[in-house]
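*Asks:* Below you will find the structure I want to go over with you.
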Amino acid sequence: MRFTAIGIPAAYPYKVTPLQGIRAKMNKGSVVFADGCDRVRLRSSVTGKYVGISPDENHALKADRTATDSAETFLLTDWGFGSVTLKALSNGKYVTTDDTTVTASAEDIWGWFVKEVFQPVEGPDGTMSLASWNGSPVSLPGDEGGALRKEVVKDGLKEAVAAAEASDAAIVIVGNHPLINGKEEVDRPDLTLAASQERLIREVYKVNPNTIVVVIGNYPFALNWVDKHIPAVLYSSHAGQELGNALADVLFGDYNPAGRLNMTWYRSVEQLPDIMDYDIRKGKRTYQYFDGEPLYPFGYGLSYTTFRYDELKVSPERVGSREDISISVRVENAGDRVGDEVVQLYVRADSSRVERPLKELKGFLRIRLEPGEKRTVRFTVPVSELAFWDVTRDAYCVESGTYTLMIGGSAGDIRVQKKLAVDGDTVPPRDLFKETSAVNYDDYDGVYLDECREGGSCIRLSGESGWLRFDDADFRGGIGGFEARYTSGQGGGSIELRLDGVNGPLVGTCSVPETGGQQIWETVACKVDEAAGVRTVYLCLGGDIGLSRFRFLPQTGAQ
């Protein structure tokens, strides 16, 4: 049997690479490796001379070679989104820069500022310039113009496709380097694989339908085409030194995998809000609030066997807020392979004063079952874990009502469920006559959270206008005034007080003058038209304004 292992090589403290792990398994047959990367020479567009490496210990790059046999050949790895690395084949070192000199001297891709990453800038005449990690142009001695011509010595894609076509099966290894295109202070622009990796997978699959894709990465990817076409997909984090052996054990069936995704894998960035929107509830993010169809749900993972769930029992079926719930379910290995299942318990509040998660993970247990074996899995959940943070009282609250207990193999694979009745608390109407933090809203639009140096947090407008909503405000005693602690760095603004809707009845307007700075806080007050009952309050903000806290004044206090 002939295997082809295709992918981008990675570095480890000590290496058992995927290639080494696969070769160790193939005691009968051969493994052909093709990394899918081009081998290139670089040539000055100004002098026509090739780039070589100086013989001194600096290994500086210079465009000073007249013949191809003295030119350096580089392994060009395209990591996607405009990031490439170059490795000199003569010494096996990565090209790096200290911002003044470019050398082939790095043992690995490393550092807070990853100086082994370059950004190629294509010129209109077919030339290519390189920018360093910080966007600065790279200039090599002998090529003061900075423009290079790339000559492909070996086409990595063609080499990989040819190897795959001549093999019984192809394993395509893709993913990301943990320090390129996605780390602290560096956001990746998309969820997709690098375009070069996507192209590699498609071209290999064209010539060999027995293609397995292995994704090694530290974040989710939008693998829509891969999921639809590729027969088998395996995902791993960057893991550790034994990654190659672990992957090979799974690929060759010597180990039955039981890993489960700890993140939701979305189909595209279109399923996500703006990258700076951190509100998972309003932005409908994570398995708790996302109501679309993900590519792979939270908790997802396949096995070489299958499992059945039945006999879900909950005791007691009606509880108080200080009690514990005992939950049991029977799980059976219905296949013919020994395997591990990760039994996951989720809970949903069927109704609530506030928007609650679609489901919340409240427990999980990994169990190993022989073929045909059945086991009862038990969970104990304190009712207090069903609480949410009640912003009206700044305290946790376990609401009275029914809750759905759900057990299955992932957030998207619920097998059995049962109702639970809870005798808890009822959130009372808001008392907005007490000083209320502006961040304790029920809903909002056009604002963001910021620091208040008087203490705590505040809200600020993200544009020219926005609003805050506060539900169930008890004004049965009537209202007569309003006051707020605010700041306005420039131009001032206004606070409109409306009831029952963002365009509802206007009962008061506070004009707020500028305070002279973003952290200079003052108090503003205004009269409010008479209103009574339990109402929804909207604070509609305009101009340059920050708001930290406010309160309404009763009628007697306003007169």
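In the structure tokens, each chain is lettered A, B, ... as it comes, each chain's residues begin at 1, and ligands are numbered from 1 in order of appearance.
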Excluding same-chain residues fewer than 6 positions from A:Glu317, what lies within 8 Å of it counting only C-alpha atoms, as a PyMOL selection string?

*Replies:* chain A and resi 419-421

*Asks:* Quick one: contact table of stretch 176-286 of chain A to stretch 11-30 of chain A, 7 Å max, nearest atom pair and distance in Å to one decimal per residue, counting only C-alpha atoms, chain and number order, as JSON lines?

*Replies:*
{"residue": "A:Gln241", "atom": "CA", "partner": "A:Lys15", "partner_atom": "CA", "distance": 5.5}
{"residue": "A:Glu242", "atom": "CA", "partner": "A:Val16", "partner_atom": "CA", "distance": 5.4}
{"residue": "A:Leu243", "atom": "CA", "partner": "A:Val16", "partner_atom": "CA", "distance": 6.4}
{"residue": "A:Gly244", "atom": "CA", "partner": "A:Pro18", "partner_atom": "CA", "distance": 3.8}
{"residue": "A:Asn245", "atom": "CA", "partner": "A:Gly21", "partner_atom": "CA", "distance": 4.5}
{"residue": "A:Leu247", "atom": "CA", "partner": "A:Pro18", "partner_atom": "CA", "distance": 6.6}
{"residue": "A:Ala248", "atom": "CA", "partner": "A:Ile22", "partner_atom": "CA", "distance": 5.2}

*Asks:* Filtering to N, CA and C atoms, could you give me those residues as an mmCIF file, in the first residue's frame?

*Replies:*
data_model
loop_
_atom_site.group_PDB
_atom_site.id
_atom_site.type_symbol
_atom_site.label_atom_id
_atom_site.label_comp_id
_atom_site.auth_asym_id
_atom_site.auth_seq_id
_atom_site.Cartn_x
_atom_site.Cartn_y
_atom_site.Cartn_z
ATOM 1 N N GLN A 241 4.541 16.926 22.174
ATOM 2 C CA GLN A 241 5.619 16.264 21.456
ATOM 3 C C GLN A 241 5.189 14.966 20.786
ATOM 4 N N GLU A 242 4.190 14.292 21.332
ATOM 5 C CA GLU A 242 3.762 12.998 20.805
ATOM 6 C C GLU A 242 2.590 13.117 19.825
ATOM 7 N N LEU A 243 2.366 14.307 19.326
ATOM 8 C CA LEU A 243 1.224 14.520 18.434
ATOM 9 C C LEU A 243 1.241 13.562 17.250
ATOM 10 N N GLY A 244 2.403 13.356 16.650
ATOM 11 C CA GLY A 244 2.486 12.481 15.469
ATOM 12 C C GLY A 244 2.044 11.072 15.766
ATOM 13 N N ASN A 245 2.471 10.515 16.897
ATOM 14 C CA ASN A 245 2.051 9.163 17.265
ATOM 15 C C ASN A 245 0.557 9.107 17.563
ATOM 16 N N LEU A 247 -1.874 11.067 16.384
ATOM 17 C CA LEU A 247 -2.630 11.144 15.127
ATOM 18 C C LEU A 247 -2.594 9.818 14.378
ATOM 19 N N ALA A 248 -1.427 9.212 14.321
ATOM 20 C CA ALA A 248 -1.297 7.947 13.591
ATOM 21 C C ALA A 248 -2.136 6.857 14.247
#

*Asks:* Skipping near chain neighbours, those fewer than 3 positions away, what residues fall within 10 Å of A:Arg281 using only C-alpha atoms, listed as an MDAnalysis selection string?

*Replies:* chainID A and resid 278 284:286 288:290 355:357

*Asks:* Please identify all polymer residues within 10 Å of stretch 251-268 of chain A, counting only C-alpha atoms, omitting same-chain residues fewer than 3 positions from it, and present them as a PyMOL selection string.

*Replies:* chain A and resi 22+25-26+171+190-192+212+214+219-224+232-236+245-248+271-272+285-288+290+292-305+337-342+366-368+409-411

*Asks:* Keeping only C-alpha atoms, write those residues as a PDB file, in the first residue's frame.

*Replies:*
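Result file follows (part.pdb):
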ATOM      1  CA  ILE A  22       2.474   7.674   9.981  1.00  0.00           C
ATOM      2  CA  LYS A  25       2.704   2.590  11.340  1.00  0.00           C
ATOM      3  CA  MET A  26       3.443   1.669   7.743  1.00  0.00           C
ATOM      4  CA  ILE A 171      -3.582  12.452   4.152  1.00  0.00           C
ATOM      5  CA  ASP A 190     -11.677  35.161   8.345  1.00  0.00           C
ATOM      6  CA  LEU A 191     -12.601  31.712   9.663  1.00  0.00           C
ATOM      7  CA  THR A 192     -11.549  29.931   6.493  1.00  0.00           C
ATOM      8  CA  ILE A 212      -8.290  12.314   4.711  1.00  0.00           C
ATOM      9  CA  VAL A 214      -6.182  16.464   9.291  1.00  0.00           C
ATOM     10  CA  TYR A 219      -9.183  27.799  16.786  1.00  0.00           C
ATOM     11  CA  PRO A 220     -12.261  26.800  14.756  1.00  0.00           C
ATOM     12  CA  PHE A 221     -12.243  26.831  10.957  1.00  0.00           C
ATOM     13  CA  ALA A 222     -15.088  27.185   8.461  1.00  0.00           C
ATOM     14  CA  LEU A 223     -14.579  23.859   6.659  1.00  0.00           C
ATOM     15  CA  ASN A 224     -17.739  23.873   4.569  1.00  0.00           C
ATOM     16  CA  ALA A 232     -12.822  11.722   6.845  1.00  0.00           C
ATOM     17  CA  VAL A 233     -11.740  14.785   8.832  1.00  0.00           C
ATOM     18  CA  LEU A 234      -9.652  14.714  12.007  1.00  0.00           C
ATOM     19  CA  TYR A 235      -8.997  17.753  14.197  1.00  0.00           C
ATOM     20  CA  SER A 236      -6.339  18.206  16.850  1.00  0.00           C
ATOM     21  CA  ASN A 245       2.051   9.163  17.265  1.00  0.00           C
ATOM     22  CA  ALA A 246      -1.375  10.158  18.586  1.00  0.00           C
ATOM     23  CA  LEU A 247      -2.630  11.144  15.127  1.00  0.00           C
ATOM     24  CA  ALA A 248      -1.297   7.947  13.591  1.00  0.00           C
ATOM     25  CA  GLN A 271     -22.972  33.935  11.440  1.00  0.00           C
ATOM     26  CA  LEU A 272     -21.071  36.196  13.844  1.00  0.00           C
ATOM     27  CA  ARG A 285     -22.797  33.826  20.091  1.00  0.00           C
ATOM     28  CA  THR A 286     -21.622  30.499  21.465  1.00  0.00           C
ATOM     29  CA  TYR A 287     -23.805  27.424  21.825  1.00  0.00           C
ATOM     30  CA  GLN A 288     -25.736  29.201  24.581  1.00  0.00           C
ATOM     31  CA  PHE A 290     -26.597  30.933  18.705  1.00  0.00           C
ATOM     32  CA  GLY A 292     -28.517  29.220  13.563  1.00  0.00           C
ATOM     33  CA  GLU A 293     -27.047  25.991  12.233  1.00  0.00           C
ATOM     34  CA  PRO A 294     -23.327  25.709  13.014  1.00  0.00           C
ATOM     35  CA  LEU A 295     -20.889  23.613  11.040  1.00  0.00           C
ATOM     36  CA  TYR A 296     -20.053  21.630  14.193  1.00  0.00           C
ATOM     37  CA  PRO A 297     -21.821  22.295  17.513  1.00  0.00           C
ATOM     38  CA  PHE A 298     -20.197  22.693  20.911  1.00  0.00           C
ATOM     39  CA  GLY A 299     -19.306  19.295  22.359  1.00  0.00           C
ATOM     40  CA  TYR A 300     -19.229  17.617  18.914  1.00  0.00           C
ATOM     41  CA  GLY A 301     -17.032  14.619  18.185  1.00  0.00           C
ATOM     42  CA  LEU A 302     -17.349  11.290  16.401  1.00  0.00           C
ATOM     43  CA  SER A 303     -16.244   7.792  17.374  1.00  0.00           C
ATOM     44  CA  TYR A 304     -15.573   4.494  15.641  1.00  0.00           C
ATOM     45  CA  THR A 305     -18.587   3.137  17.515  1.00  0.00           C
ATOM     46  CA  ARG A 337     -15.614  -1.390  19.014  1.00  0.00           C
ATOM     47  CA  VAL A 338     -14.624  -0.434  22.532  1.00  0.00           C
ATOM     48  CA  GLY A 339     -14.990   3.315  22.835  1.00  0.00           C
ATOM     49  CA  ASP A 340     -15.331   6.346  25.073  1.00  0.00           C
ATOM     50  CA  GLU A 341     -18.419   8.534  25.137  1.00  0.00           C
ATOM     51  CA  VAL A 342     -18.592  12.001  26.681  1.00  0.00           C
ATOM     52  CA  ARG A 366     -16.326  10.539  29.917  1.00  0.00           C
ATOM     53  CA  ILE A 367     -16.936   6.799  30.146  1.00  0.00           C
ATOM     54  CA  ARG A 368     -15.414   3.770  28.396  1.00  0.00           C
ATOM     55  CA  GLY A 409     -23.465  13.665  22.802  1.00  0.00           C
ATOM     56  CA  SER A 410     -23.177  17.405  22.046  1.00  0.00           C
ATOM     57  CA  ALA A 411     -25.125  20.654  22.250  1.00  0.00           C
TER      58      ALA A 411
END

*Asks:* Give me the residues within 10 Å of A:Asp544 as a tab-separated table (two decimals) with N, CA, C and O atoms, in the first residue's frame, counting only C-alpha atoms and dropping any in the same chain fewer than 3 places off.

*Replies:*
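Contents of out12.tsv, freshly written:
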chain	number	residue	atom	x	y	z
A	460	ARG	N	-21.15	54.37	27.18
A	460	ARG	CA	-20.90	55.49	26.28
A	460	ARG	C	-21.55	55.19	24.94
A	460	ARG	O	-21.72	54.03	24.57
A	461	LEU	N	-21.86	56.23	24.23
A	461	LEU	CA	-22.43	56.06	22.89
A	461	LEU	C	-21.34	55.61	21.92
A	461	LEU	O	-20.23	56.14	21.92
A	462	SER	N	-21.67	54.64	21.09
A	462	SER	CA	-20.74	54.22	20.06
A	462	SER	C	-20.94	55.02	18.78
A	462	SER	O	-20.09	54.97	17.88
A	463	GLY	N	-22.03	55.75	18.68
A	463	GLY	CA	-22.31	56.61	17.53
A	463	GLY	C	-22.91	57.91	18.03
A	463	GLY	O	-22.58	58.41	19.11
A	464	GLU	N	-23.84	58.44	17.26
A	464	GLU	CA	-24.45	59.71	17.64
A	464	GLU	C	-25.62	59.54	18.58
A	464	GLU	O	-26.04	60.49	19.24
A	465	SER	N	-26.19	58.33	18.63
A	465	SER	CA	-27.34	58.12	19.50
A	465	SER	C	-27.43	56.66	19.90
A	465	SER	O	-26.81	55.79	19.28
A	487	THR	N	-21.03	62.31	31.97
A	487	THR	CA	-19.85	63.01	31.51
A	487	THR	C	-20.02	63.32	30.03
A	487	THR	O	-20.68	62.57	29.30
A	488	SER	N	-19.43	64.41	29.60
A	488	SER	CA	-19.43	64.77	28.18
A	488	SER	C	-18.15	65.52	27.89
A	488	SER	O	-17.93	66.62	28.40
A	489	GLY	N	-17.27	64.90	27.12
A	489	GLY	CA	-15.98	65.51	26.85
A	489	GLY	C	-16.07	66.71	25.94
A	489	GLY	O	-15.30	67.66	26.06
A	490	GLN	N	-17.02	66.69	25.01
A	490	GLN	CA	-17.09	67.77	24.04
A	490	GLN	C	-18.49	67.86	23.45
A	490	GLN	O	-19.05	66.85	23.02
A	491	GLY	N	-19.07	69.00	23.48
A	491	GLY	CA	-20.32	69.25	22.77
A	491	GLY	C	-21.58	69.01	23.55
A	491	GLY	O	-22.66	69.47	23.15
A	492	GLY	N	-21.52	68.25	24.66
A	492	GLY	CA	-22.73	67.97	25.41
A	492	GLY	C	-23.65	67.00	24.69
A	492	GLY	O	-23.28	66.37	23.70
A	493	GLY	N	-24.86	66.87	25.21
A	493	GLY	CA	-25.81	65.95	24.62
A	493	GLY	C	-27.14	66.03	25.33
A	493	GLY	O	-27.48	67.06	25.94
A	494	SER	N	-27.90	64.94	25.27
A	494	SER	CA	-29.22	64.94	25.88
A	494	SER	C	-29.62	63.54	26.32
A	494	SER	O	-29.11	62.54	25.80
A	512	VAL	N	-27.63	68.04	28.63
A	512	VAL	CA	-26.40	67.88	29.41
A	512	VAL	C	-25.29	68.69	28.76
A	512	VAL	O	-24.91	68.43	27.62
A	513	PRO	N	-24.74	69.67	29.46
A	513	PRO	CA	-23.62	70.43	28.92
A	513	PRO	C	-22.33	69.63	29.01
A	513	PRO	O	-22.24	68.65	29.76
A	514	GLU	N	-21.33	70.03	28.24
A	514	GLU	CA	-20.06	69.31	28.31
A	514	GLU	C	-19.41	69.54	29.67
A	514	GLU	O	-19.60	70.59	30.30
A	518	GLN	N	-13.57	63.32	29.42
A	518	GLN	CA	-14.27	62.04	29.40
A	518	GLN	C	-14.42	61.43	30.79
A	518	GLN	O	-15.25	60.56	30.99
A	541	LEU	N	-30.28	58.41	24.42
A	541	LEU	CA	-29.13	59.29	24.56
A	541	LEU	C	-28.71	59.84	23.22
A	541	LEU	O	-28.78	59.15	22.19

*Asks:* Quick one: residues within 9 Å of A:Tyr50, only C-alpha atoms counted, chain neighbours fewer than 5 positions away excluded, as a ChimeraX atom specification?

*Replies:* /A:41-44,62-68,70-72

*Asks:* Can you spit out the residues from that selection as a compact mmCIF listing (two decimals), in the first residue's frame, using all heavy atoms?

*Replies:*
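Result file result_35.txt:
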# COMPACT_ATOMS: atom_id res chain seq x y z
N ARG A 41 13.57 30.72 -6.01
CA ARG A 41 14.74 31.60 -5.96
C ARG A 41 14.24 33.03 -6.10
O ARG A 41 13.22 33.29 -6.76
CB ARG A 41 15.72 31.27 -7.09
CG ARG A 41 16.48 29.97 -6.90
CD ARG A 41 17.62 29.85 -7.90
NE ARG A 41 17.11 29.65 -9.26
CZ ARG A 41 17.05 28.47 -9.87
NH1 ARG A 41 17.45 27.37 -9.23
NH2 ARG A 41 16.60 28.38 -11.11
N LEU A 42 14.96 33.96 -5.48
CA LEU A 42 14.61 35.38 -5.55
C LEU A 42 15.69 36.12 -6.31
O LEU A 42 16.89 35.90 -6.10
CB LEU A 42 14.45 35.95 -4.13
CG LEU A 42 13.41 35.28 -3.25
CD1 LEU A 42 13.41 35.87 -1.85
CD2 LEU A 42 12.01 35.38 -3.86
N ARG A 43 15.24 37.04 -7.17
CA ARG A 43 16.18 37.74 -8.05
C ARG A 43 15.86 39.23 -8.05
O ARG A 43 14.69 39.63 -8.10
CB ARG A 43 16.04 37.18 -9.47
CG ARG A 43 17.10 37.63 -10.44
CD ARG A 43 16.93 36.88 -11.75
NE ARG A 43 18.05 37.08 -12.65
CZ ARG A 43 18.17 36.52 -13.84
NH1 ARG A 43 17.20 35.72 -14.28
NH2 ARG A 43 19.22 36.76 -14.59
N SER A 44 16.87 40.05 -7.97
CA SER A 44 16.67 41.49 -7.97
C SER A 44 16.14 41.95 -9.31
O SER A 44 16.68 41.59 -10.37
CB SER A 44 17.99 42.21 -7.67
OG SER A 44 17.86 43.60 -7.89
N LYS A 62 21.77 38.63 0.60
CA LYS A 62 22.25 39.67 -0.30
C LYS A 62 21.91 39.27 -1.73
O LYS A 62 22.01 38.10 -2.09
CB LYS A 62 23.76 39.84 -0.18
CG LYS A 62 24.25 40.32 1.19
CD LYS A 62 25.76 40.46 1.22
CE LYS A 62 26.25 40.93 2.59
NZ LYS A 62 27.73 41.05 2.64
N ALA A 63 21.54 40.26 -2.52
CA ALA A 63 21.28 40.02 -3.95
C ALA A 63 22.59 40.24 -4.70
O ALA A 63 22.81 41.30 -5.29
CB ALA A 63 20.18 40.94 -4.45
N ASP A 64 23.46 39.22 -4.65
CA ASP A 64 24.80 39.39 -5.22
C ASP A 64 25.28 38.19 -6.01
O ASP A 64 26.47 38.07 -6.32
CB ASP A 64 25.80 39.72 -4.10
CG ASP A 64 25.90 38.61 -3.06
OD1 ASP A 64 25.12 37.63 -3.15
OD2 ASP A 64 26.75 38.72 -2.15
N ARG A 65 24.38 37.26 -6.34
CA ARG A 65 24.79 36.06 -7.05
C ARG A 65 24.40 36.16 -8.52
O ARG A 65 23.26 36.51 -8.86
CB ARG A 65 24.14 34.82 -6.44
CG ARG A 65 24.35 34.71 -4.93
CD ARG A 65 25.83 34.61 -4.55
NE ARG A 65 26.06 34.75 -3.13
CZ ARG A 65 26.08 33.76 -2.26
NH1 ARG A 65 25.82 32.53 -2.68
NH2 ARG A 65 26.33 33.98 -0.99
N THR A 66 25.36 35.81 -9.37
CA THR A 66 25.10 35.94 -10.81
C THR A 66 24.60 34.65 -11.44
O THR A 66 24.01 34.67 -12.52
CB THR A 66 26.38 36.38 -11.53
OG1 THR A 66 27.43 35.45 -11.25
CG2 THR A 66 26.80 37.77 -11.06
N ALA A 67 24.83 33.52 -10.78
CA ALA A 67 24.45 32.23 -11.37
C ALA A 67 23.43 31.52 -10.49
O ALA A 67 23.43 31.67 -9.26
CB ALA A 67 25.69 31.35 -11.54
N THR A 68 22.58 30.72 -11.13
CA THR A 68 21.55 30.02 -10.37
C THR A 68 22.13 28.99 -9.42
O THR A 68 21.57 28.73 -8.36
CB THR A 68 20.56 29.33 -11.32
OG1 THR A 68 21.27 28.42 -12.17
CG2 THR A 68 19.82 30.35 -12.16
N SER A 70 24.62 29.20 -7.56
CA SER A 70 25.09 29.81 -6.31
C SER A 70 23.97 30.56 -5.58
O SER A 70 24.18 31.08 -4.49
CB SER A 70 26.25 30.78 -6.59
OG SER A 70 25.82 31.85 -7.42
N ALA A 71 22.81 30.62 -6.21
CA ALA A 71 21.66 31.29 -5.58
C ALA A 71 21.06 30.38 -4.50
O ALA A 71 21.14 29.15 -4.60
CB ALA A 71 20.63 31.63 -6.62
N GLU A 72 20.47 31.01 -3.51
CA GLU A 72 19.80 30.25 -2.45
C GLU A 72 18.41 29.83 -2.92
O GLU A 72 17.71 30.59 -3.60
CB GLU A 72 19.68 31.08 -1.18
CG GLU A 72 19.01 30.36 -0.02
CD GLU A 72 19.78 29.12 0.40
OE1 GLU A 72 21.04 29.17 0.46
OE2 GLU A 72 19.13 28.08 0.66

*Asks:* In stretch 171-379 of chain A, what's alpha helix (DSSP H) per DSSP? Answer as a ChimeraX atom specification?

*Replies:* /A:195-207,224-229,243-251,286-289

*Asks:* Out of A:Tyr346, A:Phe552, A:Tyr444, A:Phe475, which residue has the shortest atom-to-atom distance to A:Leu497 when counting only C-alpha atoms?

*Replies:*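 Of the candidates, the smallest distance to A:Leu497 is held by A:Phe552.
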